[in-house]
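Enquirer: Dropping the structure in here first, questions after.
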Amino acid sequence: MGPSCDSKRCKQFRSCHQVSEENRQRIFTSFWSSMDWDQRKIYLVGLTDMVGVKRKRSKSNKRQHSVKYHLRKGDTKFQVCKNMFLSTLCLGDWAVQNWLKTAEDGMISAKDRSMPSRKCQKVFE
């Protein structure tokens, strides 16, 4: 698991500071030790929200949406920054973006079996 966020900007606009290290460790451990790949993908898709881009800066901008990342603390979802989300789950940006692209209505299809690197999974083997 990577470091938590200590950005001043996140304290103003997100709730990174409200997610404790113990909670992050619990999420990380549960994610890597008690879930298979399909469960991980479904869990990750459930913690993200795709929202439309608020303002397009140019006509050549191809980005259609933004992603809001959340971590759970009990029944409450706290919006966190992308860096904290990725470091808590120990995933790379490519894996998350790929999983989100293949998700339909918040679910991952059974035919999608791509797996990101095993850098964090080795901790539990």
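Residues in the structure tokens are numbered from 1 in each chain, the chains being A, B, ... in the order shown, and ligands are numbered from 1 in the order shown.
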Find the spatial neighbours of segment 66-76 of chain A, counting only C-alpha atoms, within a cut-off of 8 Å - ignore same-chain residues fewer than 2 positions away - and output them as a PDB file with N, CA and C atoms, in the first residue's frame.
Expert:
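Saved file result_8.pdb follows:
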ATOM      1  N   VAL A  19     -10.230   9.533   5.862  1.00  0.00           N
ATOM      2  CA  VAL A  19     -10.016   8.091   5.778  1.00  0.00           C
ATOM      3  C   VAL A  19      -8.720   7.778   6.516  1.00  0.00           C
ATOM      4  N   ASN A  23      -8.199   2.244   8.312  1.00  0.00           N
ATOM      5  CA  ASN A  23      -9.255   1.935   7.356  1.00  0.00           C
ATOM      6  C   ASN A  23      -8.661   1.619   5.983  1.00  0.00           C
ATOM      7  N   LEU A  47     -16.859   1.901  -6.559  1.00  0.00           N
ATOM      8  CA  LEU A  47     -16.264   3.025  -5.832  1.00  0.00           C
ATOM      9  C   LEU A  47     -15.968   4.228  -6.724  1.00  0.00           C
ATOM     10  N   THR A  48     -16.316   4.137  -7.990  1.00  0.00           N
ATOM     11  CA  THR A  48     -16.042   5.239  -8.906  1.00  0.00           C
ATOM     12  C   THR A  48     -17.329   5.746  -9.524  1.00  0.00           C
ATOM     13  N   ASP A  49     -17.329   7.005  -9.872  1.00  0.00           N
ATOM     14  CA  ASP A  49     -18.453   7.631 -10.568  1.00  0.00           C
ATOM     15  C   ASP A  49     -17.921   8.319 -11.816  1.00  0.00           C
ATOM     16  N   MET A  50     -18.545   8.031 -12.941  1.00  0.00           N
ATOM     17  CA  MET A  50     -18.192   8.705 -14.191  1.00  0.00           C
ATOM     18  C   MET A  50     -19.141   9.897 -14.337  1.00  0.00           C
ATOM     19  N   VAL A  51     -18.584  11.078 -14.462  1.00  0.00           N
ATOM     20  CA  VAL A  51     -19.391  12.283 -14.618  1.00  0.00           C
ATOM     21  C   VAL A  51     -18.951  13.011 -15.882  1.00  0.00           C
ATOM     22  N   GLY A  52     -19.870  13.713 -16.493  1.00  0.00           N
ATOM     23  CA  GLY A  52     -19.548  14.470 -17.698  1.00  0.00           C
ATOM     24  C   GLY A  52     -18.574  15.593 -17.399  1.00  0.00           C
ATOM     25  N   VAL A  53     -17.818  15.965 -18.400  1.00  0.00           N
ATOM     26  CA  VAL A  53     -16.864  17.065 -18.263  1.00  0.00           C
ATOM     27  C   VAL A  53     -17.651  18.355 -18.105  1.00  0.00           C
ATOM     28  N   ARG A  63     -11.832  14.224 -24.325  1.00  0.00           N
ATOM     29  CA  ARG A  63     -12.290  13.658 -23.060  1.00  0.00           C
ATOM     30  C   ARG A  63     -13.781  13.911 -22.878  1.00  0.00           C
ATOM     31  N   GLN A  64     -14.515  12.853 -22.634  1.00  0.00           N
ATOM     32  CA  GLN A  64     -15.962  12.943 -22.501  1.00  0.00           C
ATOM     33  C   GLN A  64     -16.431  12.923 -21.048  1.00  0.00           C
ATOM     34  N   PHE A  78     -16.457   8.225   0.943  1.00  0.00           N
ATOM     35  CA  PHE A  78     -15.764   9.501   0.989  1.00  0.00           C
ATOM     36  C   PHE A  78     -15.047   9.711  -0.335  1.00  0.00           C
ATOM     37  N   GLN A  79     -15.238  10.879  -0.947  1.00  0.00           N
ATOM     38  CA  GLN A  79     -14.529  11.165  -2.183  1.00  0.00           C
ATOM     39  C   GLN A  79     -13.073  11.449  -1.862  1.00  0.00           C
ATOM     40  N   VAL A  80     -12.183  10.776  -2.575  1.00  0.00           N
ATOM     41  CA  VAL A  80     -10.745  10.947  -2.386  1.00  0.00           C
ATOM     42  C   VAL A  80     -10.106  11.257  -3.731  1.00  0.00           C
ATOM     43  N   CYS A  81      -8.871  11.685  -3.698  1.00  0.00           N
ATOM     44  CA  CYS A  81      -8.171  11.972  -4.940  1.00  0.00           C
ATOM     45  C   CYS A  81      -7.719  10.672  -5.605  1.00  0.00           C
ATOM     46  N   LYS A  82      -7.399  10.768  -6.852  1.00  0.00           N
ATOM     47  CA  LYS A  82      -6.979   9.617  -7.638  1.00  0.00           C
ATOM     48  C   LYS A  82      -5.731   8.965  -7.049  1.00  0.00           C
ATOM     49  N   PHE A  85      -6.607   6.923  -3.949  1.00  0.00           N
ATOM     50  CA  PHE A  85      -7.374   5.755  -4.366  1.00  0.00           C
ATOM     51  C   PHE A  85      -6.447   4.681  -4.920  1.00  0.00           C
TER      52      PHE A  85
END
Enquirer: So that I can check the surroundings of Ser20 of chain A, please list as a PyMOL selection string every protein, DNA and RNA residue that reaches within 10 Å of it, counting only C-alpha atoms and ignoring chain neighbours fewer than 4 positions away.
Expert: chain A and resi 4+16+24-26+73
Enquirer: For Phe28 of chain A, find every residue with an atom within 8 Å (counting only C-alpha atoms), except residues of its own chain fewer than 2 positions away, and show them as an NGL selection string.
Expert: :A and (1 or 24-26 or 30-32 or 88-90)
Enquirer: Only C-alpha atoms, please: the residues just picked out, written as a short mmCIF file (atom, residue, chain, number, x, y, z; two decimals), in the first residue's frame.
Expert:
data_model
loop_
_atom_site.label_atom_id
_atom_site.label_comp_id
_atom_site.auth_asym_id
_atom_site.auth_seq_id
_atom_site.Cartn_x
_atom_site.Cartn_y
_atom_site.Cartn_z
CA MET A 1 0.00 0.00 0.00
CA ARG A 24 -7.00 2.12 4.28
CA GLN A 25 -5.07 -0.92 5.52
CA ARG A 26 -8.32 -2.83 6.05
CA SER A 30 -9.60 -7.18 2.08
CA PHE A 31 -9.11 -6.21 -1.56
CA TRP A 32 -6.03 -8.39 -2.06
CA THR A 88 -4.78 2.42 -1.22
CA LEU A 89 -5.75 -0.34 -3.65
CA CYS A 90 -2.17 -0.63 -4.96
#
Enquirer: Which distance in Å separates atom CA of Arg40 of chain A and atom CA of Lys54 of chain A, to one decimal?
Expert: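 Distance between the two atoms: 29.3 Å.
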